[in-house]
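Enquirer: input19.cif is reproduced in full below (mmCIF, C-alpha atoms).
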data_target
loop_
_atom_site.group_PDB
_atom_site.id
_atom_site.type_symbol
_atom_site.label_atom_id
_atom_site.label_comp_id
_atom_site.auth_asym_id
_atom_site.auth_seq_id
_atom_site.Cartn_x
_atom_site.Cartn_y
_atom_site.Cartn_z
ATOM 1 C CA MET A 1 26.405 62.184 147.925
ATOM 2 C CA GLU A 2 25.963 59.193 150.242
ATOM 3 C CA GLU A 3 24.802 56.087 148.419
ATOM 4 C CA LYS A 4 21.306 54.886 149.303
ATOM 5 C CA LEU A 5 20.970 51.708 151.290
ATOM 6 C CA LYS A 6 19.514 48.925 149.169
ATOM 7 C CA ILE A 7 16.681 46.634 150.301
ATOM 8 C CA LEU A 8 15.572 43.316 148.821
ATOM 9 C CA LEU A 9 11.803 43.028 149.387
ATOM 10 C CA CYS A 10 10.027 39.745 148.588
ATOM 11 C CA GLU A 11 6.253 39.848 149.007
ATOM 12 C CA ASP A 12 3.708 37.896 146.953
ATOM 13 C CA ASP A 13 0.758 40.165 147.842
ATOM 14 C CA GLU A 14 0.957 42.605 144.944
ATOM 15 C CA ASN A 15 -0.874 45.462 146.655
ATOM 16 C CA LEU A 16 1.059 45.172 149.918
ATOM 17 C CA GLY A 17 4.338 44.774 148.061
ATOM 18 C CA MET A 18 3.799 47.910 145.992
ATOM 19 C CA LEU A 19 2.735 49.847 149.088
ATOM 20 C CA LEU A 20 5.806 48.744 151.027
ATOM 21 C CA ARG A 21 8.162 49.525 148.157
ATOM 22 C CA GLU A 22 6.719 53.011 147.683
ATOM 23 C CA TYR A 23 6.903 53.701 151.412
ATOM 24 C CA LEU A 24 10.502 52.482 151.751
ATOM 25 C CA GLN A 25 11.566 54.448 148.683
ATOM 26 C CA ALA A 26 9.924 57.546 150.153
ATOM 27 C CA LYS A 27 12.016 56.942 153.285
ATOM 28 C CA GLY A 28 15.172 56.985 151.169
ATOM 29 C CA TYR A 29 15.801 53.261 150.676
ATOM 30 C CA ASP A 30 16.553 51.903 147.205
ATOM 31 C CA THR A 31 14.051 49.013 147.192
ATOM 32 C CA ASP A 32 13.696 46.101 144.755
ATOM 33 C CA LEU A 33 10.397 44.173 144.930
ATOM 34 C CA PHE A 34 9.934 40.544 143.870
ATOM 35 C CA PRO A 35 6.774 38.388 144.106
ATOM 36 C CA ASP A 36 8.367 35.003 144.846
ATOM 37 C CA GLY A 37 11.426 33.385 146.351
ATOM 38 C CA GLU A 38 13.014 32.265 143.100
ATOM 39 C CA SER A 39 13.132 35.745 141.581
ATOM 40 C CA GLY A 40 14.263 37.101 144.946
ATOM 41 C CA LEU A 41 17.196 34.686 145.047
ATOM 42 C CA ALA A 42 18.184 35.544 141.471
ATOM 43 C CA ALA A 43 18.194 39.236 142.420
ATOM 44 C CA PHE A 44 20.288 38.589 145.521
ATOM 45 C CA GLN A 45 22.837 36.659 143.481
ATOM 46 C CA ALA A 46 23.082 39.526 140.995
ATOM 47 C CA ASN A 47 23.111 42.506 143.369
ATOM 48 C CA GLN A 48 24.477 43.752 146.687
ATOM 49 C CA TYR A 49 21.781 44.365 149.336
ATOM 50 C CA ASP A 50 21.984 45.916 152.783
ATOM 51 C CA VAL A 51 18.776 44.390 154.195
ATOM 52 C CA CYS A 52 16.494 41.549 153.052
ATOM 53 C CA ILE A 53 12.778 41.662 153.956
ATOM 54 C CA LEU A 54 11.153 38.335 153.139
ATOM 55 C CA ASP A 55 7.546 37.204 153.302
ATOM 56 C CA VAL A 56 7.361 33.629 154.598
ATOM 57 C CA MET A 57 4.472 32.322 152.489
ATOM 58 C CA MET A 58 5.515 32.810 148.864
ATOM 59 C CA PRO A 59 5.141 30.743 145.674
ATOM 60 C CA LYS A 60 8.022 28.829 144.050
ATOM 61 C CA LYS A 61 10.294 29.267 147.072
ATOM 62 C CA ASP A 62 9.082 30.187 150.577
ATOM 63 C CA GLY A 63 10.777 32.779 152.750
ATOM 64 C CA PHE A 64 12.521 30.293 155.056
ATOM 65 C CA THR A 65 14.054 28.455 152.090
ATOM 66 C CA LEU A 66 15.072 31.735 150.480
ATOM 67 C CA ALA A 67 16.672 32.888 153.740
ATOM 68 C CA SER A 68 18.668 29.650 153.930
ATOM 69 C CA ASP A 69 19.862 30.151 150.367
ATOM 70 C CA ILE A 70 20.848 33.734 151.153
ATOM 71 C CA ARG A 71 22.736 32.625 154.269
ATOM 72 C CA ASN A 72 24.717 30.146 152.159
ATOM 73 C CA ILE A 73 25.850 33.091 150.029
ATOM 74 C CA ASN A 74 26.210 35.787 152.673
ATOM 75 C CA THR A 75 26.381 35.090 156.411
ATOM 76 C CA ILE A 76 26.030 38.670 157.613
ATOM 77 C CA VAL A 77 23.411 40.516 155.542
ATOM 78 C CA PRO A 78 20.443 41.318 157.840
ATOM 79 C CA ILE A 79 17.242 39.356 157.177
ATOM 80 C CA MET A 80 13.769 40.288 158.408
ATOM 81 C CA PHE A 81 10.757 38.014 158.012
ATOM 82 C CA LEU A 82 7.424 39.559 157.123
ATOM 83 C CA THR A 83 4.466 37.263 157.681
ATOM 84 C CA ALA A 84 0.983 36.674 159.052
ATOM 85 C CA LYS A 85 2.282 33.676 160.980
ATOM 86 C CA ASN A 86 2.853 34.284 164.666
ATOM 87 C CA LEU A 87 3.362 30.775 166.020
ATOM 88 C CA LYS A 88 6.351 30.415 168.315
ATOM 89 C CA GLU A 89 7.635 27.508 166.206
ATOM 90 C CA ASP A 90 7.677 29.658 163.070
ATOM 91 C CA ILE A 91 9.484 32.482 164.842
ATOM 92 C CA LEU A 92 12.085 30.087 166.213
ATOM 93 C CA SER A 93 12.524 28.509 162.777
ATOM 94 C CA GLY A 94 13.214 31.931 161.325
ATOM 95 C CA PHE A 95 15.817 32.795 163.929
ATOM 96 C CA LYS A 96 17.519 29.409 163.606
ATOM 97 C CA ILE A 97 17.991 30.101 159.907
ATOM 98 C CA GLY A 98 19.692 33.348 160.821
ATOM 99 C CA ALA A 99 16.990 36.021 160.815
ATOM 100 C CA ASP A 100 17.691 39.330 162.529
ATOM 101 C CA ASP A 101 14.047 40.240 163.112
ATOM 102 C CA TYR A 102 10.499 38.999 162.594
ATOM 103 C CA ILE A 103 7.435 41.194 162.158
ATOM 104 C CA THR A 104 3.867 39.851 161.937
ATOM 105 C CA LYS A 105 1.038 41.251 159.861
ATOM 106 C CA PRO A 106 -0.760 43.537 160.326
ATOM 107 C CA PHE A 107 1.892 46.090 161.243
ATOM 108 C CA SER A 108 2.367 49.814 160.897
ATOM 109 C CA MET A 109 4.769 51.284 158.356
ATOM 110 C CA GLU A 110 6.390 53.225 161.166
ATOM 111 C CA GLU A 111 7.121 50.005 163.072
ATOM 112 C CA LEU A 112 8.728 48.493 159.988
ATOM 113 C CA THR A 113 10.926 51.568 159.567
ATOM 114 C CA PHE A 114 11.959 51.521 163.223
ATOM 115 C CA ARG A 115 12.881 47.848 162.989
ATOM 116 C CA ILE A 116 14.961 48.402 159.845
ATOM 117 C CA GLU A 117 16.749 51.306 161.511
ATOM 118 C CA ALA A 118 17.403 49.187 164.612
ATOM 119 C CA ILE A 119 18.951 46.439 162.466
ATOM 120 C CA LEU A 120 21.127 48.965 160.659
ATOM 121 C CA ARG A 121 22.276 50.437 163.967
ATOM 122 C CA ARG A 122 23.316 46.953 165.066
ATOM 123 C CA VAL A 123 25.534 46.665 162.021
ATOM 124 C CA ARG A 124 27.000 50.045 162.933
ATOM 125 C CA GLY A 125 25.170 52.023 160.281
ATOM 126 C CA LYS A 126 27.604 51.015 157.555
ATOM 127 C CA LYS A 127 26.690 49.597 154.200
ATOM 128 C CA ILE A 128 27.349 45.892 154.396
ATOM 129 C CA LYS A 129 29.815 44.504 151.925
ATOM 130 C CA GLU A 130 30.749 40.896 152.365
ATOM 131 C CA ILE A 131 34.469 40.404 152.867
ATOM 132 C CA ASN A 132 35.685 37.037 151.648
ATOM 133 C CA VAL A 133 39.302 37.179 152.861
ATOM 134 C CA TYR A 134 40.811 38.791 155.965
ATOM 135 C CA ASN A 135 44.511 39.209 156.699
ATOM 136 C CA ILE A 136 45.153 38.652 160.415
ATOM 137 C CA GLY A 137 48.821 39.242 161.051
ATOM 138 C CA ASN A 138 50.528 36.318 159.289
ATOM 139 C CA PHE A 139 47.221 34.490 158.912
ATOM 140 C CA VAL A 140 44.851 34.520 155.952
ATOM 141 C CA PHE A 141 41.202 33.811 156.787
ATOM 142 C CA ASP A 142 38.941 32.709 153.918
ATOM 143 C CA THR A 143 35.389 33.264 155.190
ATOM 144 C CA ARG A 144 33.719 31.374 152.341
ATOM 145 C CA LYS A 145 35.836 28.236 152.746
ATOM 146 C CA GLN A 146 36.013 28.724 156.540
ATOM 147 C CA VAL A 147 39.758 28.119 156.360
ATOM 148 C CA LEU A 148 42.451 29.829 158.456
ATOM 149 C CA SER A 149 45.917 29.593 156.873
ATOM 150 C CA ILE A 150 49.440 30.442 157.961
ATOM 151 C CA GLY A 151 52.323 29.354 155.750
ATOM 152 C CA ASN A 152 51.547 25.828 154.582
ATOM 153 C CA LYS A 153 49.269 25.104 157.544
ATOM 154 C CA GLN A 154 45.516 25.228 156.950
ATOM 155 C CA THR A 155 42.844 24.880 159.640
ATOM 156 C CA LYS A 156 39.244 24.184 158.709
ATOM 157 C CA LEU A 157 36.997 26.093 161.103
ATOM 158 C CA THR A 158 33.539 25.089 162.236
ATOM 159 C CA THR A 159 30.660 27.350 161.219
ATOM 160 C CA LYS A 160 30.436 28.921 164.683
ATOM 161 C CA GLU A 161 34.211 29.482 164.807
ATOM 162 C CA SER A 162 34.106 31.071 161.372
ATOM 163 C CA GLU A 163 31.150 33.319 162.224
ATOM 164 C CA LEU A 164 32.777 34.484 165.450
ATOM 165 C CA LEU A 165 36.156 35.110 163.824
ATOM 166 C CA SER A 166 34.421 37.026 161.008
ATOM 167 C CA LEU A 167 32.758 39.282 163.578
ATOM 168 C CA LEU A 168 36.061 39.831 165.367
ATOM 169 C CA CYS A 169 37.755 40.657 162.053
ATOM 170 C CA SER A 170 35.028 43.150 161.138
ATOM 171 C CA HIS A 171 35.830 44.887 164.472
ATOM 172 C CA LYS A 172 39.609 44.441 164.147
ATOM 173 C CA ASN A 173 41.399 46.381 166.916
ATOM 174 C CA GLU A 174 38.010 47.545 168.148
ATOM 175 C CA MET A 175 35.833 46.148 170.908
ATOM 176 C CA LEU A 176 33.288 43.554 169.810
ATOM 177 C CA GLN A 177 30.418 43.863 172.244
ATOM 178 C CA ARG A 178 29.613 40.575 173.940
ATOM 179 C CA ASP A 179 25.824 40.992 173.720
ATOM 180 C CA TYR A 180 26.003 41.911 170.030
ATOM 181 C CA ALA A 181 28.084 38.826 169.230
ATOM 182 C CA LEU A 182 25.697 36.571 171.148
ATOM 183 C CA LYS A 183 22.587 37.934 169.457
ATOM 184 C CA THR A 184 24.216 37.892 166.028
ATOM 185 C CA ILE A 185 25.502 34.305 166.168
ATOM 186 C CA TRP A 186 23.504 32.562 168.896
ATOM 187 C CA VAL A 187 20.326 34.746 168.656
ATOM 188 C CA ASP A 188 19.839 34.697 172.442
ATOM 189 C CA ASP A 189 22.273 36.119 175.006
ATOM 190 C CA ASN A 190 21.376 33.639 177.757
ATOM 191 C CA TYR A 191 23.863 32.069 180.183
ATOM 192 C CA PHE A 192 24.368 28.834 178.251
ATOM 193 C CA ASN A 193 25.031 30.602 174.941
ATOM 194 C CA ALA A 194 27.420 32.964 176.715
ATOM 195 C CA ARG A 195 29.371 29.981 178.077
ATOM 196 C CA SER A 196 29.373 28.435 174.608
ATOM 197 C CA MET A 197 30.843 31.625 173.136
ATOM 198 C CA ASP A 198 33.604 31.598 175.763
ATOM 199 C CA VAL A 199 34.512 28.078 174.626
ATOM 200 C CA TYR A 200 34.715 29.224 170.991
ATOM 201 C CA ILE A 201 36.868 32.207 171.943
ATOM 202 C CA THR A 202 39.278 29.763 173.609
ATOM 203 C CA LYS A 203 39.313 27.614 170.460
ATOM 204 C CA LEU A 204 40.053 30.644 168.266
ATOM 205 C CA ARG A 205 42.936 31.644 170.524
ATOM 206 C CA LYS A 206 44.448 28.188 170.020
ATOM 207 C CA HIS A 207 44.021 28.468 166.245
ATOM 208 C CA LEU A 208 45.793 31.859 166.270
ATOM 209 C CA LYS A 209 48.693 30.885 168.565
ATOM 210 C CA ASP A 210 51.104 30.365 165.629
ATOM 211 C CA ASP A 211 51.395 34.151 165.342
ATOM 212 C CA PRO A 212 52.180 35.454 168.853
ATOM 213 C CA THR A 213 51.575 39.051 167.764
ATOM 214 C CA VAL A 214 47.889 38.282 167.183
ATOM 215 C CA GLU A 215 45.663 37.911 170.226
ATOM 216 C CA ILE A 216 42.062 38.044 171.371
ATOM 217 C CA ILE A 217 41.776 39.948 174.646
ATOM 218 C CA ASN A 218 38.869 40.220 177.056
ATOM 219 C CA ILE A 219 37.361 43.622 177.755
ATOM 220 C CA HIS A 220 35.993 42.869 181.219
ATOM 221 C CA GLY A 221 32.211 42.895 181.331
ATOM 222 C CA LYS A 222 31.958 44.292 177.813
ATOM 223 C CA GLY A 223 33.344 42.041 175.117
ATOM 224 C CA TYR A 224 36.452 41.084 173.177
ATOM 225 C CA LYS A 225 39.058 42.694 170.984
ATOM 226 C CA LEU A 226 41.067 41.077 168.189
ATOM 227 C CA ILE A 227 44.497 42.694 168.328
ATOM 228 C CA VAL A 228 46.288 42.668 164.971
ATOM 229 C CA PRO A 229 49.790 44.141 164.569
ATOM 230 C CA GLY A 230 50.534 46.868 162.074
ATOM 231 C CA GLU A 231 47.056 48.398 162.264
ATOM 232 C CA GLU A 232 45.901 51.292 164.353
ATOM 233 C CA GLU A 233 44.294 50.260 167.606
ATOM 234 C CA SER A 234 41.162 52.113 168.666
ATOM 235 C CA ALA A 235 40.562 53.468 172.119
ATOM 236 C CA GLU A 236 37.949 51.933 174.415
#
Would it be possible to restate this file's structure as structure tokens?
Expert:
Amino acid sequence: MEEKLKILLCEDDENLGMLLREYLQAKGYDTDLFPDGESGLAAFQANQYDVCILDVMMPKKDGFTLASDIRNINTIVPIMFLTAKNLKEDILSGFKIGADDYITKPFSMEELTFRIEAILRRVRGKKIKEINVYNIGNFVFDTRKQVLSIGNKQTKLTTKESELLSLLCSHKNEMLQRDYALKTIWVDDNYFNARSMDVYITKLRKHLKDDPTVEIINIHGKGYKLIVPGEEESAE
């Protein structure tokens, strides 16, 4: 039997929290509910979650702070903010932290479900398990330390380089869609962010040049592919 996807739900409104948990459980999601950011963080540290749904205004630790703490632990788990706030500044703050979506109260349960399903489709419908170390040909990439090693040579990557290389590794020998990478790392797929990503791709190619069998190729108009020897390459 397929394992249920697990949701971390942090909502300080007891009635709304219980209602959301019951609804999500009825939809087949294994849902843990916590009334504040501190207990939510403790749960995240102790368990593996597929999606985090965080209210912004919570006691002890607000949703933005909790999201930052979660991002320091796991850079890829999807985060959705759930809040009555709808100011542009608050929405931008949430996305800068690394949110995948933002839904304002009041909302319908159906909309929440659709948004969760959309997030899960973006992560290819697979249960997310953080990978700390990738083998890339003769390289070893430590995602937590953001260090790329080959032999005795170690290269400390920037956060953006590390995030982009992690995405490429998670799609090893598969196409990484350009728009998906932009929205995942830069939030917006505008022209300037697209040019920035091209610069980082060039930097990663330089970091990987010590193993000539490893390469990042362009898929024209679509995205990129990290080619790694000794592993099956997927078709376009």
Enquirer: Please, what distance in Å, to one decimal, runs between CA of Glu163 in chain A and CA of Glu215 in chain A?
Expert: 17.2 Å
Enquirer: Taking (6.5, 38.7, 144.8) in the file's coordinates, which residues come within 12 Å, counting all atoms listed in the file, written as a ChimeraX atom specification?
Expert: /A:8-18,20-21,32-41,43,53-63
Enquirer: When you draw a straight line from CA of Arg121 in chain A to CA of Gly28 in chain A, how long is it in Å?
Expert: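 Here the two named atoms are 16.0 Å from each other.
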Enquirer: Applied to this file, what does the PyMOL selection byres ((chain A and resi 204) around 10) return in terms of residues, put as an mmCIF file with C-alpha atoms, in the frame of the given file?
Expert:
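Full text of part_4.cif as output:
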data_model
loop_
_atom_site.group_PDB
_atom_site.id
_atom_site.type_symbol
_atom_site.label_atom_id
_atom_site.label_comp_id
_atom_site.auth_asym_id
_atom_site.auth_seq_id
_atom_site.Cartn_x
_atom_site.Cartn_y
_atom_site.Cartn_z
ATOM 1 C CA LEU A 157 36.997 26.093 161.103
ATOM 2 C CA GLU A 161 34.211 29.482 164.807
ATOM 3 C CA SER A 162 34.106 31.071 161.372
ATOM 4 C CA LEU A 164 32.777 34.484 165.450
ATOM 5 C CA LEU A 165 36.156 35.110 163.824
ATOM 6 C CA ASP A 198 33.604 31.598 175.763
ATOM 7 C CA VAL A 199 34.512 28.078 174.626
ATOM 8 C CA TYR A 200 34.715 29.224 170.991
ATOM 9 C CA ILE A 201 36.868 32.207 171.943
ATOM 10 C CA THR A 202 39.278 29.763 173.609
ATOM 11 C CA LYS A 203 39.313 27.614 170.460
ATOM 12 C CA ARG A 205 42.936 31.644 170.524
ATOM 13 C CA LYS A 206 44.448 28.188 170.020
ATOM 14 C CA HIS A 207 44.021 28.468 166.245
ATOM 15 C CA LEU A 208 45.793 31.859 166.270
ATOM 16 C CA LYS A 209 48.693 30.885 168.565
ATOM 17 C CA GLU A 215 45.663 37.911 170.226
ATOM 18 C CA ILE A 216 42.062 38.044 171.371
#
Enquirer: Of the candidates A:Thr143, A:Asn74, A:Gln25, A:Ser93, which one gets nearest to Cys169 in chain A if we count all atoms listed in the file?
Expert: A:Thr143
Enquirer: Take the PyMOL selection byres ((chain A and resi 75-81) around 8), run it mentally on this structure, and tell me the resulting residues as a PyMOL selection string.
Expert: chain A and resi 49-56+63+67+70-74+82-83+94+98-103+119+128+130+163
Enquirer: So how many Å separate CA of Leu19 in chain A and CA of Lys105 in chain A, to one decimal?
Expert: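 These two atoms are separated by 13.9 Å.
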Enquirer: Could you name the residues that touch His171 in chain A at 10 Å or less, counting only C-alpha atoms, but leaving out those on the same chain fewer than 3 positions away, as number ranges by chain?
Expert: A: 165-168, 174-177, 224-227, 234
Enquirer: Which residues would end up in the selection if the PyMOL selection byres ((chain A and resi 152-155) around 10) were applied here, given that I need the answer as a ChimeraX atom specification?
Expert: /A:139-141,146-151,156-158,207,210
Enquirer: Could you check the closest approach to Tyr29 in chain A for each of A:Ala42, A:Ile116, A:Ile136, A:Ile219 and tell me which residue wins, using all atoms listed in the file?
Expert: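 Smallest distance to Tyr29 in chain A is found for A:Ile116.
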Enquirer: Where's the centre, and what are the edge lengths in Å to one decimal, of a box along x, y and z enclosing all listed atoms of range 8-14 of chain A padded 5 Å per side, as lines of an AutoDock Vina configuration file?
Expert:
center_x = 8.2
center_y = 40.6
center_z = 147.2
size_x = 24.8
size_y = 15.4
size_z = 14.4
Enquirer: Compare A:Asn218, A:Gln45, A:Asn190, A:Asn132 by their minimum atom-to-atom distance to Lys145 in chain A, counting only C-alpha atoms, and give me the closest one.
Expert: A:Asn132
Enquirer: Could range 206-217 of chain A be completed with N, CA, C and O atoms and written as a CSV table (one decimal), in the coordinates of the input, please?
Expert:
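Output file rebuild.csv follows:
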chain,number,residue,atom,x,y,z
A,206,LYS,N,43.5,29.3,170.3
A,206,LYS,CA,44.4,28.2,170.0
A,206,LYS,C,44.8,28.2,168.5
A,206,LYS,O,45.9,27.9,168.1
A,207,HIS,N,43.8,28.4,167.7
A,207,HIS,CA,44.0,28.5,166.2
A,207,HIS,C,45.0,29.6,165.9
A,207,HIS,O,45.7,29.5,164.9
A,208,LEU,N,45.0,30.7,166.6
A,208,LEU,CA,45.8,31.9,166.3
A,208,LEU,C,47.2,31.9,167.0
A,208,LEU,O,47.9,32.8,166.8
A,209,LYS,N,47.5,30.8,167.8
A,209,LYS,CA,48.7,30.9,168.6
A,209,LYS,C,50.0,30.8,167.7
A,209,LYS,O,51.0,31.2,168.2
A,210,ASP,N,49.9,30.4,166.5
A,210,ASP,CA,51.1,30.4,165.6
A,210,ASP,C,51.7,31.7,165.3
A,210,ASP,O,52.8,31.8,164.7
A,211,ASP,N,50.9,32.8,165.5
A,211,ASP,CA,51.4,34.2,165.3
A,211,ASP,C,51.2,34.8,166.7
A,211,ASP,O,50.1,35.3,167.0
A,212,PRO,N,52.3,34.9,167.5
A,212,PRO,CA,52.2,35.5,168.9
A,212,PRO,C,51.8,36.9,168.9
A,212,PRO,O,51.5,37.5,170.0
A,213,THR,N,51.9,37.6,167.8
A,213,THR,CA,51.6,39.1,167.8
A,213,THR,C,50.1,39.3,167.6
A,213,THR,O,49.6,40.4,167.8
A,214,VAL,N,49.3,38.2,167.3
A,214,VAL,CA,47.9,38.3,167.2
A,214,VAL,C,47.3,37.7,168.5
A,214,VAL,O,47.7,36.6,168.9
A,215,GLU,N,46.3,38.4,169.0
A,215,GLU,CA,45.7,37.9,170.2
A,215,GLU,C,44.2,38.4,170.3
A,215,GLU,O,43.9,39.4,169.8
A,216,ILE,N,43.4,37.6,171.0
A,216,ILE,CA,42.1,38.0,171.4
A,216,ILE,C,42.0,38.3,172.9
A,216,ILE,O,42.3,37.4,173.7
A,217,ILE,N,41.8,39.6,173.2
A,217,ILE,CA,41.8,39.9,174.6
A,217,ILE,C,40.3,40.2,175.1
A,217,ILE,O,39.4,40.5,174.4
